[in-house]
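Q: My questions all concern the structure below.
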Amino acid sequence: MHNAMRKTMAEVKLGGQFTFSGTSLTVQRIGYGAMQLAGPGVWGPPKDPDGAIAVLREAVAAGVNHIDTADFYGPHVTNQIIRKALHPYPSELVIVTKLGACRPPDKSWQPAISPQDLTSGVHDNLRNLGLDALDIVNYRAMGAIHGPAEGSIVEQVTVLADLRRKGLIRHIGLSNVTAAQVAGAQAITDVVCVQNNYNLAQRHDDALIEDLARQGIPYVPFFPLGGFTPLQSSTLSHVADRLGATPMQVALAWLLHRSPNILLIPGTSSVAHLRENLAVGQLTLSPQVLAQLDGIAAAAAGEEH
Ligand SMILES: NC(=O)c1ccc[n+]([C@@H]2O[C@H](COP(=O)([O-])OP(=O)(O)OC[C@H]3O[C@@H](n4cnc5c(N)ncnc54)[C@H](OP(=O)(O)O)[C@@H]3O)[C@@H](O)[C@H]2O)c1
């Protein structure tokens with residue numbers, strides 16, 4: 001990055017901080033998503049187990065204190081790697097996990113939403129992470145292929161609220177949900193974060209982000225870099241070239257600029273990519289650049305129609 005683009009480290013270390021609403025859990029805005037640590041297709045052990053441990057240790061050493069995971073990554077493998085790399089955990093580390101899915105032997109992703117599924121999912125997370133209680137559990141609705149689908153999630157959120165009363169879960173979040181589902185869950189319990197699919201080209205949640213920002217609730221985009229199909233755009237590449245950054249860095253910096261309640265959990269199995277992603281807090285995007293980048297979503301929306 002050019003020097004002109006750098007802010008002082010004190011101002012921007014890992015994007016500054018944000019507190020999960022209604023909690024004492026404050027994290028740097030740049031965190032880490034652990035899904036890429038399992039084997040190919042998020043199944044089985046990683047090709048390079050030592051490399052996976054190195055990524056996690058480097059992230060925490062650099063100040064990352066927000067790690068996103070799920071026991072159905074691997075399954076179990078990702079949580080076991082996190083435990084091996086980081087346990088006993090630093091007191092400031094917030095591990096956010098999710099319930100609502102399982103991986104049968106055919107490697108598909110299936111809903112696991114009965115009270116028994118959710119309860120055993122909590123115990124799987126506790127055992128594999130080596131914890132007595134989970135900081136934040138997102139109820140991950142399975143929705144439709146391309147995103148959330150309307151429908152009541154009251155039964156599942158009620159089960160999580162019961163597990164919270166039993167002390168196994170400290171806070172509840174939601175994932176892959178609609179605004180109506182957020183409101184429905186808030187009638188049952190406090191919702192401390194929402195994690196949905198969102199990035200430069202996938203902006204269906206623009207209004208939800210604004211609404212959550214007004215409530216002080218963090219919005220945590222999954223697939224911030226496009227996920228299984230990383231973002232590709234000539235505009236993004238041109239902007240990145242001009243700023244002396246990589247396209248993926250610009251995509252993450254755009255999210256940090258998009259709204260102060262956005263927290264990043266980019267996923268990577270590579271220490272080199274991790275370092276690039278953690279450096280993004282130092283990248284300032286001008287209003288002109290932001291307007292150019294906003295054009296990517298408009299073009300992507302045009303292609304969808
Ligand atoms: N709630 C949900 O339903 C849900 C769904 C999906 C994911 N998630 C969470 O969200 C996190 C982020 O999503 P994600 O990991 O699927 O997708 P992502 O962060 O959008 O993208 C990850 C992909 O980008 C690559 N990458 C990362 N940093 C890069 C860089 N600096 N330069 C070039 N390539 C880079 C990674 O490959 P390398 O490994 O080679 O770097 C990987 O292929 C996950 O880790 C998971 O914790 C949640």
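Residue names in the structure tokens use chain letters A, B, ... in the order shown, residue numbers from 1 in each chain, and ligand numbers from 1 in the order shown.
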Please find the residues contacting ligand 1 at a distance of at most 6 Å between atoms, with only C-alpha atoms and all ligand atoms counted, and report them as number ranges by chain.
A: A: 33-36, 68-69, 175-176, 195, 222-228, 230, 248, 265-270, 273, 276-277
Q: Taking N, CA, C and O atoms for each residue, export the selection above as a compact mmCIF listing (two decimals), in the first residue's frame.
A:
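Contents of out_3.txt, freshly written:
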```txt
# COMPACT_ATOMS: atom_id res chain seq x y z
N GLY A 33 -12.21 -16.04 9.84
CA GLY A 33 -13.18 -17.13 9.64
C GLY A 33 -12.43 -18.43 9.39
O GLY A 33 -11.57 -18.50 8.52
N ALA A 34 -12.77 -19.48 10.17
CA ALA A 34 -11.94 -20.69 10.20
C ALA A 34 -12.36 -21.77 9.21
O ALA A 34 -11.76 -22.84 9.17
N MET A 35 -13.41 -21.50 8.40
CA MET A 35 -13.94 -22.57 7.55
C MET A 35 -12.90 -23.15 6.59
O MET A 35 -12.94 -24.33 6.26
N GLN A 36 -11.96 -22.31 6.14
CA GLN A 36 -10.98 -22.77 5.15
C GLN A 36 -9.94 -23.71 5.76
O GLN A 36 -9.09 -24.23 5.03
N ASP A 68 -14.48 -17.03 13.83
CA ASP A 68 -15.77 -17.64 13.48
C ASP A 68 -15.54 -19.11 13.11
O ASP A 68 -14.61 -19.43 12.37
N THR A 69 -16.41 -19.99 13.61
CA THR A 69 -16.24 -21.41 13.32
C THR A 69 -17.60 -22.10 13.32
O THR A 69 -18.65 -21.45 13.46
N SER A 175 -27.78 -16.38 11.67
CA SER A 175 -27.08 -16.40 10.39
C SER A 175 -28.01 -16.88 9.29
O SER A 175 -28.85 -17.75 9.51
N ASN A 176 -27.81 -16.29 8.11
CA ASN A 176 -28.60 -16.62 6.92
C ASN A 176 -30.08 -16.36 7.16
O ASN A 176 -30.93 -17.22 6.92
N GLN A 195 -25.07 -12.76 10.85
CA GLN A 195 -24.05 -13.17 9.88
C GLN A 195 -24.72 -13.66 8.60
O GLN A 195 -25.35 -14.71 8.59
N PHE A 222 -20.63 -13.19 5.73
CA PHE A 222 -19.88 -14.38 5.30
C PHE A 222 -19.69 -14.28 3.79
O PHE A 222 -20.36 -13.51 3.12
N PHE A 223 -18.69 -15.01 3.28
CA PHE A 223 -18.24 -14.85 1.89
C PHE A 223 -17.83 -13.39 1.59
O PHE A 223 -18.20 -12.83 0.54
N PRO A 224 -17.08 -12.73 2.50
CA PRO A 224 -16.71 -11.32 2.24
C PRO A 224 -15.86 -11.16 0.98
O PRO A 224 -15.83 -10.07 0.38
N LEU A 225 -15.20 -12.27 0.59
CA LEU A 225 -14.37 -12.22 -0.64
C LEU A 225 -15.04 -13.00 -1.77
O LEU A 225 -14.42 -13.28 -2.79
N GLY A 226 -16.29 -13.36 -1.57
CA GLY A 226 -17.00 -14.12 -2.60
C GLY A 226 -17.07 -15.60 -2.28
O GLY A 226 -17.71 -16.36 -2.99
N GLY A 227 -16.38 -16.06 -1.23
CA GLY A 227 -16.48 -17.45 -0.78
C GLY A 227 -15.91 -18.42 -1.79
O GLY A 227 -14.79 -18.26 -2.26
N PHE A 228 -16.72 -19.43 -2.17
CA PHE A 228 -16.23 -20.48 -3.06
C PHE A 228 -15.97 -19.95 -4.47
O PHE A 228 -15.28 -20.57 -5.27
N PRO A 230 -14.36 -16.64 -5.54
CA PRO A 230 -13.82 -15.33 -5.16
C PRO A 230 -14.17 -14.22 -6.15
O PRO A 230 -14.28 -14.47 -7.36
N MET A 248 -8.41 -8.34 -3.31
CA MET A 248 -9.07 -8.87 -2.10
C MET A 248 -8.96 -7.87 -0.94
O MET A 248 -9.88 -7.72 -0.14
N ILE A 265 -14.69 -11.42 8.83
CA ILE A 265 -14.17 -12.75 9.17
C ILE A 265 -13.69 -13.43 7.89
O ILE A 265 -14.13 -14.54 7.55
N PRO A 266 -12.77 -12.80 7.13
CA PRO A 266 -12.30 -13.45 5.91
C PRO A 266 -11.66 -14.79 6.25
O PRO A 266 -11.00 -14.93 7.28
N GLY A 267 -11.86 -15.76 5.36
CA GLY A 267 -11.32 -17.09 5.59
C GLY A 267 -10.10 -17.31 4.74
O GLY A 267 -10.08 -16.96 3.56
N THR A 268 -9.08 -17.91 5.31
CA THR A 268 -7.91 -18.28 4.53
C THR A 268 -7.17 -19.41 5.23
O THR A 268 -7.18 -19.52 6.45
N SER A 269 -6.51 -20.23 4.40
CA SER A 269 -5.65 -21.28 4.94
C SER A 269 -4.19 -20.89 4.76
O SER A 269 -3.30 -21.71 4.95
N SER A 270 -3.96 -19.64 4.34
CA SER A 270 -2.61 -19.22 3.98
C SER A 270 -2.13 -18.07 4.87
O SER A 270 -2.84 -17.07 5.04
N HIS A 273 -1.91 -14.83 2.84
CA HIS A 273 -3.21 -14.16 2.66
C HIS A 273 -3.70 -13.56 3.97
O HIS A 273 -4.27 -12.47 3.98
N GLU A 276 -2.10 -10.26 4.41
CA GLU A 276 -2.73 -9.26 3.52
C GLU A 276 -4.07 -8.80 4.11
O GLU A 276 -4.38 -7.61 4.12
N ASN A 277 -4.84 -9.75 4.60
CA ASN A 277 -6.18 -9.41 5.10
C ASN A 277 -6.11 -8.55 6.36
O ASN A 277 -6.90 -7.63 6.55
```
Q: Quick check for you: according to DSSP on this backbone, which residues of segment 7-229 of chain A are classed as strand (DSSP E)? Reply as a PyMOL selection string.
A: chain A and resi 17-19+26-28+32-33+66-68+94-99+101-102+110-111+134-140+169-175+191-195
Q: Could you write those residues out with C-alpha atoms, as an mmCIF file, in the first residue's frame?
A:
```
data_model
loop_
_atom_site.group_PDB
_atom_site.id
_atom_site.type_symbol
_atom_site.label_atom_id
_atom_site.label_comp_id
_atom_site.auth_asym_id
_atom_site.auth_seq_id
_atom_site.Cartn_x
_atom_site.Cartn_y
_atom_site.Cartn_z
ATOM 1 C CA GLN A 17 -13.042 -2.115 17.772
ATOM 2 C CA PHE A 18 -16.733 -2.957 18.069
ATOM 3 C CA THR A 19 -18.751 -4.487 20.906
ATOM 4 C CA THR A 26 -15.366 -6.193 22.349
ATOM 5 C CA VAL A 27 -13.408 -7.322 19.291
ATOM 6 C CA GLN A 28 -11.228 -5.841 16.592
ATOM 7 C CA TYR A 32 -10.841 -14.464 11.083
ATOM 8 C CA GLY A 33 -13.178 -17.133 9.640
ATOM 9 C CA HIS A 66 -12.785 -12.780 16.913
ATOM 10 C CA ILE A 67 -12.767 -16.229 15.307
ATOM 11 C CA ASP A 68 -15.768 -17.643 13.483
ATOM 12 C CA VAL A 94 -14.269 -14.391 21.266
ATOM 13 C CA ILE A 95 -15.090 -17.628 19.443
ATOM 14 C CA VAL A 96 -18.379 -17.486 17.559
ATOM 15 C CA THR A 97 -19.849 -20.781 16.429
ATOM 16 C CA LYS A 98 -23.058 -21.793 14.726
ATOM 17 C CA LEU A 99 -25.758 -24.459 14.895
ATOM 18 C CA ALA A 101 -26.563 -27.811 9.988
ATOM 19 C CA CYS A 102 -24.852 -31.185 9.825
ATOM 20 C CA GLN A 110 -28.263 -30.704 5.758
ATOM 21 C CA PRO A 111 -30.444 -28.948 8.323
ATOM 22 C CA LEU A 134 -19.805 -20.896 24.194
ATOM 23 C CA ASP A 135 -19.375 -17.091 23.884
ATOM 24 C CA ILE A 136 -21.760 -16.623 20.949
ATOM 25 C CA VAL A 137 -23.806 -19.173 19.039
ATOM 26 C CA ASN A 138 -25.430 -18.178 15.772
ATOM 27 C CA TYR A 139 -28.563 -20.041 14.790
ATOM 28 C CA ARG A 140 -27.809 -20.679 11.115
ATOM 29 C CA ILE A 169 -24.306 -20.451 25.686
ATOM 30 C CA ARG A 170 -23.507 -16.869 26.706
ATOM 31 C CA HIS A 171 -25.062 -14.995 23.763
ATOM 32 C CA ILE A 172 -27.188 -15.718 20.704
ATOM 33 C CA GLY A 173 -26.735 -14.526 17.126
ATOM 34 C CA LEU A 174 -28.348 -15.395 13.808
ATOM 35 C CA SER A 175 -27.080 -16.403 10.390
ATOM 36 C CA VAL A 191 -29.620 -10.979 19.227
ATOM 37 C CA VAL A 192 -25.976 -9.900 19.490
ATOM 38 C CA CYS A 193 -24.915 -10.292 15.825
ATOM 39 C CA VAL A 194 -26.181 -11.247 12.384
ATOM 40 C CA GLN A 195 -24.049 -13.172 9.876
#
```
Q: Give me, as a VMD selection string, the residues of segment 125-235 of chain A that a backbone DSSP run labels helix (DSSP H, G or I).
A: chain A and resid 125 to 129 154 to 165 179 to 186 206 to 215 234 to 235
Q: Report the distance between atom CA of Val280 of chain A and atom CA of Ala38 of chain A in Å, rounded to one decimal place.
A: 24.6 Å
Q: List the spatial neighbours of His76 of chain A as a ChimeraX atom specification - criterion: any atom at most 10 Å away, only C-alpha atoms, same-chain residues fewer than 2 positions off excluded.
A: /A:38,43-45,70-74,78-81,124-125,127-129
Q: Would you put the residues from that selection into a file with C-alpha atoms, as a compact mmCIF listing (two decimals), in the first residue's frame?
A:
```txt
# COMPACT_ATOMS: atom_id res chain seq x y z
CA ALA A 38 -10.70 -28.08 7.05
CA TRP A 43 -14.44 -31.98 4.74
CA GLY A 44 -11.85 -33.93 6.68
CA PRO A 45 -8.41 -32.84 7.82
CA ALA A 70 -18.78 -24.26 13.30
CA ASP A 71 -18.54 -27.84 14.48
CA PHE A 72 -19.97 -28.93 11.12
CA TYR A 73 -16.80 -27.67 9.39
CA GLY A 74 -14.81 -30.85 8.82
CA THR A 78 -11.96 -27.12 12.39
CA ASN A 79 -12.87 -26.84 16.07
CA GLN A 80 -10.28 -29.47 16.96
CA ILE A 81 -7.60 -27.48 15.08
CA ASP A 124 -20.10 -31.10 20.17
CA ASN A 125 -18.83 -27.51 20.10
CA ARG A 127 -16.15 -30.80 23.61
CA ASN A 128 -14.19 -30.05 20.46
CA LEU A 129 -13.31 -26.49 21.44
```
